[in-house]
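Undergrad: This is the content of coords.cif (mmCIF, C-alpha atoms and all ligand atoms):
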```cif
data_final
#
loop_
_atom_site.label_atom_id
_atom_site.label_comp_id
_atom_site.auth_asym_id
_atom_site.auth_seq_id
_atom_site.Cartn_x
_atom_site.Cartn_y
_atom_site.Cartn_z
CA MET A 13 -7.33 31.64 22.19
CA PRO A 14 -9.47 28.86 23.69
CA VAL A 15 -7.88 25.43 23.73
CA VAL A 16 -9.35 22.99 21.20
CA THR A 17 -8.78 19.27 21.75
CA ARG A 18 -9.98 16.18 19.96
CA PHE A 19 -10.41 12.45 20.30
CA ALA A 20 -9.72 10.68 17.01
CA PRO A 21 -10.80 7.02 17.07
CA SER A 22 -10.79 4.65 14.11
CA PRO A 23 -14.04 2.68 13.73
CA THR A 24 -12.16 -0.57 13.31
CA GLY A 25 -13.17 -2.29 16.55
CA TRP A 26 -14.97 -1.80 19.86
CA LEU A 27 -13.65 0.95 22.09
CA HIS A 28 -11.75 -0.28 25.15
CA LEU A 29 -10.45 1.26 28.37
CA GLY A 30 -7.50 2.81 26.55
CA HIS A 31 -9.85 4.71 24.27
CA ALA A 32 -12.00 5.75 27.23
CA TYR A 33 -8.91 7.16 28.93
CA ALA A 34 -7.82 9.06 25.79
CA ALA A 35 -11.31 10.47 25.21
CA LEU A 36 -11.78 11.52 28.84
CA PHE A 37 -8.28 13.03 28.88
CA ALA A 38 -8.94 15.17 25.79
CA ALA A 39 -12.36 16.28 27.05
CA GLU A 40 -10.94 17.13 30.47
CA GLN A 41 -8.09 19.19 29.02
CA ALA A 42 -10.65 21.18 27.08
CA SER A 43 -13.02 21.69 30.01
CA GLN A 44 -10.22 22.61 32.45
CA GLN A 45 -9.15 25.36 30.09
CA ASP A 46 -12.64 26.47 29.14
CA GLY A 47 -12.05 25.17 25.64
CA ARG A 48 -13.71 23.01 23.00
CA PHE A 49 -13.70 19.25 22.55
CA LEU A 50 -14.09 17.69 19.10
CA ILE A 51 -14.27 14.19 17.71
CA ARG A 52 -12.78 13.02 14.46
CA LEU A 53 -13.51 9.68 12.84
CA GLU A 54 -10.28 8.27 11.44
CA ASP A 55 -12.06 6.07 8.94
CA ILE A 56 -9.77 6.55 5.99
CA ASP A 57 -8.90 2.88 5.87
CA ALA A 58 -12.06 1.67 4.13
CA THR A 59 -10.93 -1.96 4.33
CA ARG A 60 -11.01 -1.96 8.14
CA SER A 61 -13.64 0.63 9.08
CA ARG A 62 -17.15 -0.67 9.77
CA PRO A 63 -20.44 1.24 10.28
CA GLU A 64 -21.34 -0.91 13.28
CA TYR A 65 -18.12 0.10 15.07
CA GLU A 66 -18.82 3.72 14.26
CA LYS A 67 -22.33 3.55 15.69
CA ALA A 68 -21.02 1.75 18.75
CA LEU A 69 -18.28 4.24 19.44
CA PHE A 70 -20.70 7.15 19.63
CA GLU A 71 -22.92 5.11 21.96
CA ASP A 72 -19.97 4.26 24.16
CA LEU A 73 -18.73 7.86 24.33
CA SER A 74 -22.22 9.14 25.18
CA TRP A 75 -22.55 6.46 27.83
CA LEU A 76 -19.28 7.70 29.33
CA GLY A 77 -20.95 11.08 29.66
CA LEU A 78 -18.98 12.89 26.96
CA HIS A 79 -20.34 15.73 24.84
CA TRP A 80 -18.72 16.90 21.65
CA GLU A 81 -19.33 19.45 18.96
CA GLN A 82 -21.15 18.71 15.72
CA PRO A 83 -20.44 18.04 12.97
CA VAL A 84 -17.91 15.28 13.55
CA ARG A 85 -15.16 15.35 10.95
CA ARG A 86 -15.03 12.12 9.02
CA GLN A 87 -11.80 11.49 7.12
CA SER A 88 -13.45 9.51 4.36
CA ASP A 89 -15.37 12.67 3.34
CA HIS A 90 -12.23 14.71 2.79
CA ALA A 91 -9.97 12.93 0.31
CA GLU A 92 -9.51 16.23 -1.57
CA ASP A 93 -7.89 17.88 1.49
CA TYR A 94 -5.24 15.16 1.65
CA GLN A 95 -4.82 15.32 -2.12
CA ALA A 96 -4.16 19.06 -1.91
CA ALA A 97 -1.50 18.55 0.77
CA LEU A 98 0.15 15.82 -1.31
CA GLN A 99 0.16 18.15 -4.30
CA GLN A 100 1.93 20.82 -2.29
CA LEU A 101 4.64 18.42 -1.20
CA LYS A 102 4.92 17.01 -4.70
CA ALA A 103 5.33 20.49 -6.16
CA LEU A 104 8.27 20.98 -3.79
CA GLY A 105 9.85 17.81 -5.19
CA LEU A 106 9.72 16.09 -1.82
CA LEU A 107 7.67 13.00 -2.74
CA TYR A 108 8.41 10.00 -4.88
CA PRO A 109 6.32 7.03 -5.98
CA CYS A 110 7.28 3.75 -4.32
CA PHE A 111 6.34 0.58 -6.18
CA CYS A 112 7.83 -1.85 -3.65
CA THR A 113 5.66 -4.52 -2.12
CA ARG A 114 6.05 -5.32 1.56
CA LYS A 115 7.80 -8.54 0.57
CA GLU A 116 10.29 -6.75 -1.68
CA ILE A 117 11.14 -4.33 1.12
CA GLN A 118 11.74 -7.22 3.51
CA GLU A 119 13.93 -8.98 0.97
CA GLU A 120 15.94 -5.82 0.34
CA ILE A 121 16.50 -5.38 4.07
CA ALA A 122 17.52 -9.03 4.42
CA ARG A 123 20.00 -8.66 1.52
CA ALA A 124 21.56 -5.62 3.15
CA GLY A 125 22.17 -7.73 6.28
CA GLN A 126 21.22 -4.92 8.64
CA ALA A 127 18.90 -1.97 8.48
CA PRO A 128 18.56 1.14 10.57
CA HIS A 129 15.48 0.94 12.76
CA GLY A 130 13.00 3.64 13.73
CA PRO A 131 10.01 3.73 16.08
CA ASP A 132 7.96 1.58 13.65
CA GLY A 133 10.67 -0.97 12.83
CA ALA A 134 13.19 -1.23 10.00
CA LEU A 135 13.43 1.89 7.85
CA TYR A 136 12.56 1.80 4.18
CA PRO A 137 15.83 1.04 2.32
CA GLY A 138 15.21 3.70 -0.33
CA THR A 139 14.87 1.36 -3.32
CA CYS A 140 12.56 3.70 -5.28
CA ARG A 141 14.09 6.97 -4.11
CA SER A 142 16.30 7.59 -7.11
CA ARG A 143 14.34 5.99 -9.94
CA PRO A 144 14.62 8.17 -13.04
CA MET A 145 11.46 10.11 -13.84
CA SER A 146 11.01 8.24 -17.16
CA GLN A 147 11.04 4.90 -15.36
CA GLN A 148 8.54 6.17 -12.76
CA GLN A 149 6.21 7.33 -15.53
CA ASP A 150 6.59 4.06 -17.33
CA MET A 151 5.69 2.02 -14.27
CA ILE A 152 2.72 4.26 -13.47
CA ALA A 153 1.51 3.95 -17.10
CA LYS A 154 1.74 0.16 -16.78
CA GLY A 155 -0.65 0.35 -13.84
CA ILE A 156 1.80 -0.88 -11.19
CA PRO A 157 0.33 0.22 -7.85
CA TYR A 158 2.41 2.68 -5.89
CA ALA A 159 2.52 4.57 -2.62
CA MET A 160 3.90 8.10 -2.22
CA ARG A 161 6.86 8.47 0.12
CA LEU A 162 8.41 11.56 1.63
CA ASN A 163 12.09 12.03 0.90
CA VAL A 164 12.74 12.97 4.50
CA GLU A 165 16.37 14.11 4.18
CA LYS A 166 15.47 16.36 1.29
CA ALA A 167 12.44 17.67 3.20
CA ALA A 168 14.51 18.40 6.32
CA SER A 169 17.15 20.27 4.31
CA PHE A 170 14.42 22.16 2.44
CA VAL A 171 13.26 23.58 5.78
CA HIS A 172 16.92 24.39 6.63
CA LYS A 173 16.35 25.29 10.24
CA GLU A 174 15.89 23.34 13.42
CA LEU A 175 12.27 22.69 14.32
CA PHE A 176 10.94 22.43 17.84
CA TRP A 177 7.68 21.27 19.33
CA GLU A 178 6.33 21.21 22.85
CA ASP A 179 4.82 18.45 24.88
CA ALA A 180 2.95 19.59 28.00
CA ALA A 181 4.48 16.78 30.06
CA CYS A 182 7.99 16.50 28.57
CA GLY A 183 8.77 20.06 27.53
CA VAL A 184 10.33 21.46 24.37
CA GLN A 185 11.62 18.87 21.90
CA LEU A 186 14.01 19.24 18.98
CA ALA A 187 12.23 17.62 16.02
CA THR A 188 14.09 14.60 14.60
CA PRO A 189 11.75 13.52 11.78
CA SER A 190 14.33 11.38 10.00
CA ILE A 191 13.95 8.67 12.68
CA PHE A 192 11.09 7.30 10.55
CA GLY A 193 13.04 7.30 7.29
CA ASP A 194 11.10 7.93 4.07
CA VAL A 195 7.57 7.46 5.40
CA VAL A 196 4.55 6.65 3.24
CA LEU A 197 2.19 9.64 3.00
CA ALA A 198 -0.33 8.11 0.57
CA ARG A 199 -0.84 4.39 0.56
CA LYS A 200 -1.60 2.23 -2.44
CA ASP A 201 -5.18 1.69 -1.28
CA THR A 202 -5.92 4.85 0.76
CA PRO A 203 -5.61 8.53 -0.17
CA ALA A 204 -3.49 9.44 2.87
CA SER A 205 -1.48 7.71 5.54
CA TYR A 206 -2.10 8.38 9.22
CA HIS A 207 0.81 10.86 9.36
CA LEU A 208 -0.46 13.06 6.54
CA ALA A 209 -4.15 12.89 7.48
CA VAL A 210 -3.55 13.74 11.12
CA VAL A 211 -1.63 16.97 10.45
CA VAL A 212 -4.09 18.11 7.79
CA ASP A 213 -7.12 17.29 9.95
CA ASP A 214 -5.74 18.85 13.13
CA ALA A 215 -5.05 22.07 11.22
CA LEU A 216 -8.44 22.14 9.50
CA GLN A 217 -10.24 21.47 12.76
CA GLY A 218 -8.27 24.21 14.51
CA ILE A 219 -6.84 21.84 17.13
CA THR A 220 -4.54 23.73 19.48
CA LEU A 221 -3.71 20.88 21.86
CA VAL A 222 -3.14 17.39 20.44
CA THR A 223 -3.65 14.85 23.19
CA ARG A 224 -2.90 11.20 22.53
CA GLY A 225 -1.09 8.19 23.95
CA GLU A 226 2.65 8.20 24.52
CA ASP A 227 3.02 5.44 21.92
CA LEU A 228 2.64 8.26 19.36
CA PHE A 229 5.19 10.57 20.96
CA ALA A 230 7.82 9.89 18.27
CA ALA A 231 5.30 10.55 15.48
CA SER A 232 5.12 14.19 16.59
CA HIS A 233 8.72 14.71 15.34
CA LEU A 234 7.51 13.93 11.85
CA HIS A 235 4.22 15.79 12.22
CA ARG A 236 6.14 18.94 13.14
CA LEU A 237 8.11 18.70 9.87
CA LEU A 238 4.93 18.16 7.83
CA GLN A 239 3.30 21.18 9.47
CA GLU A 240 6.29 23.31 8.52
CA LEU A 241 6.31 22.09 4.91
CA LEU A 242 2.57 22.63 4.55
CA HIS A 243 2.56 26.01 6.38
CA LEU A 244 0.11 24.70 8.98
CA PRO A 245 -0.28 26.13 12.47
CA VAL A 246 1.71 24.28 15.13
CA PRO A 247 -0.35 22.97 18.05
CA ARG A 248 0.92 21.93 21.47
CA TRP A 249 0.96 18.25 22.34
CA HIS A 250 0.20 16.31 25.48
CA HIS A 251 1.10 12.64 25.24
CA HIS A 252 -0.48 10.71 28.05
CA ARG A 253 0.11 7.34 29.66
CA LEU A 254 -1.27 4.16 28.12
CA ILE A 255 -3.68 1.79 29.80
CA LEU A 256 -2.03 -1.61 30.10
CA ASP A 257 -3.47 -5.08 30.53
CA GLY A 258 -2.60 -7.39 33.42
CA ASN A 259 0.62 -8.42 31.62
CA GLY A 260 1.81 -4.85 31.17
CA ARG A 261 0.92 -4.80 27.48
CA ARG A 262 -0.90 -1.99 25.76
CA LEU A 263 -4.60 -2.81 25.31
CA ALA A 264 -5.51 -3.64 21.74
CA LYS A 265 -8.85 -3.84 20.01
CA ARG A 266 -8.62 -7.60 19.86
CA ASP A 267 -8.82 -7.78 23.68
CA ASP A 268 -12.59 -7.93 23.57
CA ALA A 269 -12.79 -8.75 27.27
CA ARG A 270 -11.96 -5.14 28.00
CA SER A 271 -14.24 -3.46 25.49
CA LEU A 272 -16.47 -0.79 27.03
CA ARG A 273 -19.55 -2.65 25.84
CA THR A 274 -18.50 -5.83 27.60
CA LEU A 275 -17.80 -3.93 30.80
CA ARG A 276 -21.17 -2.22 30.49
CA GLU A 277 -22.95 -5.53 29.90
CA GLU A 278 -21.24 -6.87 32.99
CA GLY A 279 -22.92 -4.12 34.96
CA LEU A 280 -20.22 -1.49 35.28
CA ARG A 281 -21.35 2.11 35.28
CA ALA A 282 -19.67 5.07 33.60
CA GLU A 283 -18.58 6.32 37.06
CA ASP A 284 -16.86 2.97 37.66
CA ILE A 285 -14.91 3.35 34.42
CA ARG A 286 -13.90 6.90 35.31
CA GLU A 287 -12.77 5.70 38.72
CA MET A 288 -10.77 2.78 37.25
CA LEU A 289 -8.96 5.21 34.98
CA ALA A 290 -8.32 7.97 37.50
CA ASP A 291 -4.62 8.94 37.66
N1 LIG B 301 -6.69 7.13 15.27
C1 LIG B 301 -5.50 7.25 16.04
C2 LIG B 301 -5.50 6.17 17.10
O1 LIG B 301 -6.56 5.60 17.36
C3 LIG B 301 -5.42 8.60 16.70
C4 LIG B 301 -4.07 9.10 16.82
C5 LIG B 301 -4.00 10.57 17.18
O2 LIG B 301 -4.73 10.98 18.09
O3 LIG B 301 -3.22 11.28 16.58
O4 LIG B 301 -4.45 5.82 17.64
#
```
Do you think you could lay out the structure here as structure tokens?
Ligand code: GLU
TA:
Amino acid sequence: MPVVTRFAPSPTGWLHLGHAYAALFAAEQASQQDGRFLIRLEDIDATRSRPEYEKALFEDLSWLGLHWEQPVRRQSDHAEDYQAALQQLKALGLLYPCFCTRKEIQEEIARAGQAPHGPDGALYPGTCRSRPMSQQQDMIAKGIPYAMRLNVEKAASFVHKELFWEDAACGVQLATPSIFGDVVLARKDTPASYHLAVVVDDALQGITLVTRGEDLFAASHLHRLLQELLHLPVPRWHHHRLILDGNGRRLAKRDDARSLRTLREEGLRAEDIREMLAD
């Protein structure tokens, strides 16, 4: 089976050196193994995605010398795929509607005095987990906005076996999806959260090697569980290093000084970027 990799940017800002590294890494893994390299536009968050960023990211990637297969998968065109996955999980009784606002969650955590923390901060305290069905229906009928959360303990016991996944750099890992608590799989304003969309998309695009930054290493524990629940093929992963700024912080889109377009305007060539990012 040929290796299939992907680069999955969100068109919510200009690409920077960190993106260039991730894109080159994915393309290189594919070419080293005589495989295929795909791009996916993670534009499901309509409030933050912009056409001008999308146009620019293709320009930047071409300028870097990358080639990718057509068509590019665009998340915003595939709401029904995420809906189908949510339905499957719902039919298993593993989802529940969560009506809490961010503020209410913070207040609940403050009341409790302490909260278990996961890779993304304090875990959801479970306020809506055991709402009776009649109350849920009532609140939905009243038009109160809600997200859909995964009951992660129930989901893990539903699988009732240990799950493993493999990272090319760190080896075989025992999946510990509960570190994230009851994650949101469909947000109030978007049809799928990152976690749900990424496992559905990777499966539908036939990705066999998921390459991405090591900041998303922990997310793979949860993705492995979702793949099992949804009967999706399990890829391999390769989490790579992050490109840091002069202060040792991960580059963010707001650091415009380091955007590829700025570097290009300053006269840098694609070869210079590749050289800067060489391991
Ligand atoms: N859109 C995600 C990001 O930019 C991609 C994450 C992934 O590759 O799974 O961080």
Undergrad: Using only C-alpha atoms, which residue out of A:Ile156, A:Ser205, A:Thr223, A:Leu242 lies closest to Ile51 of chain A?
TA: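 For Ile51 of chain A, the nearest of the given residues is A:Thr223.
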Undergrad: Give the residue list for ligand LIG 301 (chain B) at 8 Å, counting all atoms listed in the file, as a list in words, sorted by chain and then by residue number.
TA: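 Answer in the requested format: Arg18, Phe19, Ala20, Pro21, Ser22, His31, Leu53, Glu54, Tyr206, Val210, Val222, Thr223, Arg224, Gly225 and Leu228 of chain A.
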Undergrad: May I have the residues within 9 Å of segment 282-291 of chain A as a list in words, using all atoms listed in the file and disregarding those fewer than 3 positions away in the same chain?
TA: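 Returned residues: Leu29, Gly30, Ala32, Tyr33, Leu36, Trp75, Leu76, Gly77, Ile255, Leu272, Leu275 and Arg276 of chain A.
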Undergrad: What is the atom CA of Cys182 of chain A-atom CA of Arg85 of chain A distance in Å, reported with one decimal?
TA: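 Separating atom CA of Cys182 of chain A from atom CA of Arg85 of chain A is a distance of 29.1 Å.
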Undergrad: Can you find the residues with an atom no farther than 10 Å from (13.6, 0.6, 9.6), counting all atoms listed in the file, and report them as a PDB file with C-alpha atoms, in the frame of the given file?
TA:
```pdb
ATOM      1  CA  ILE A 121      16.500  -5.380   4.070  1.00  0.00           C
ATOM      2  CA  GLN A 126      21.220  -4.920   8.640  1.00  0.00           C
ATOM      3  CA  ALA A 127      18.900  -1.970   8.480  1.00  0.00           C
ATOM      4  CA  PRO A 128      18.560   1.140  10.570  1.00  0.00           C
ATOM      5  CA  HIS A 129      15.480   0.940  12.760  1.00  0.00           C
ATOM      6  CA  GLY A 130      13.000   3.640  13.730  1.00  0.00           C
ATOM      7  CA  PRO A 131      10.010   3.730  16.080  1.00  0.00           C
ATOM      8  CA  ASP A 132       7.960   1.580  13.650  1.00  0.00           C
ATOM      9  CA  GLY A 133      10.670  -0.970  12.830  1.00  0.00           C
ATOM     10  CA  ALA A 134      13.190  -1.230  10.000  1.00  0.00           C
ATOM     11  CA  LEU A 135      13.430   1.890   7.850  1.00  0.00           C
ATOM     12  CA  TYR A 136      12.560   1.800   4.180  1.00  0.00           C
ATOM     13  CA  PRO A 137      15.830   1.040   2.320  1.00  0.00           C
ATOM     14  CA  ILE A 191      13.950   8.670  12.680  1.00  0.00           C
ATOM     15  CA  PHE A 192      11.090   7.300  10.550  1.00  0.00           C
ATOM     16  CA  GLY A 193      13.040   7.300   7.290  1.00  0.00           C
ATOM     17  CA  ASP A 194      11.100   7.930   4.070  1.00  0.00           C
TER      18      ASP A 194
END
```
Undergrad: Counting all atoms listed in the file, which of A:Ala153, A:Lys200, A:Ile56, A:His251 gets nearest to Arg114 of chain A?
TA: A:Lys200
Undergrad: Just the residues within 10 Å of Glu240 of chain A, please, counting all atoms listed in the file, with nothing from its chain fewer than 5 positions along; format it as JSON, numbers by chain.
TA: {"A": [167, 168, 171, 175, 235, 245, 246]}
Undergrad: Compare A:Gly155, A:Pro144, A:Pro247, A:Gly218 by their minimum atom-to-atom distance to Glu178 of chain A, counting all atoms listed in the file, and give me the closest one.
TA: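 The closest residue to Glu178 of chain A is A:Pro247.
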Undergrad: Anything within 12 Å of (-3.4, 8.0, 6.7): list those residues as a ChimeraX atom specification, counting only C-alpha atoms and sticking to the file's coordinates.
TA: /A:22,53-58,87-88,90-91,94-95,98,159-160,195-213
Undergrad: To one decimal place, how far is atom CA of Ala35 of chain A from atom CA of Leu78 of chain A in Å?
TA: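 The value is 8.2 Å.
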Undergrad: Check the smallest atom-to-atom distance from each of A:Tyr158, A:His250, A:Asp257, A:Asp150 to Val184 of chain A using all atoms listed in the file, then report the winner.
TA: A:His250
Undergrad: I'd like the neighbourhood of Tyr108 of chain A as a ChimeraX atom specification, where a residue qualifies if any of its atoms comes within 9 Å (using all atoms listed in the file), though same-chain residues fewer than 6 positions away should be ignored.
TA: /A:102,140-143,148,159-163
Undergrad: Please indicate the distance in Å from atom CA of Thr220 of chain A to atom CA of His28 of chain A, rounded to one decimal place.
TA: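 Result for atom CA of Thr220 of chain A versus atom CA of His28 of chain A: 25.7 Å, one decimal.
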Undergrad: Excluding segment 62-67 of chain A and residues on its chain fewer than 2 positions from it, collect all residues at most 9 Å away from it, counting all atoms listed in the file, and give them as a list in words.
TA: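 Skipping anything fewer than 2 positions along the chain leaves Ser22, Pro23, Thr24, Gly25, Trp26, Leu27, Leu53, Asp55, Ala58, Thr59, Arg60, Leu69, Phe70, Glu71 and Asp72 of chain A.
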Undergrad: Residues at most 6 Å from Phe49 of chain A, counting all atoms listed in the file, excluding those fewer than 4 positions away in the same chain, as a PDB file with C-alpha atoms, in the frame of the given file?
TA:
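Wrote part.pdb, looks like this:
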```pdb
ATOM      1  CA  VAL A  16      -9.350  22.990  21.200  1.00  0.00           C
ATOM      2  CA  THR A  17      -8.780  19.270  21.750  1.00  0.00           C
ATOM      3  CA  ARG A  18      -9.980  16.180  19.960  1.00  0.00           C
ATOM      4  CA  ALA A  39     -12.360  16.280  27.050  1.00  0.00           C
ATOM      5  CA  ALA A  42     -10.650  21.180  27.080  1.00  0.00           C
ATOM      6  CA  TRP A  80     -18.720  16.900  21.650  1.00  0.00           C
TER       7      TRP A  80
END
```
Undergrad: Restricting the calculation to only C-alpha atoms: of A:Asp214, A:Arg281, A:Ser232, A:Asp227, which residue gets closest to Leu256 of chain A?
TA: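 Counting only C-alpha atoms, the residue closest to Leu256 of chain A is A:Asp227.
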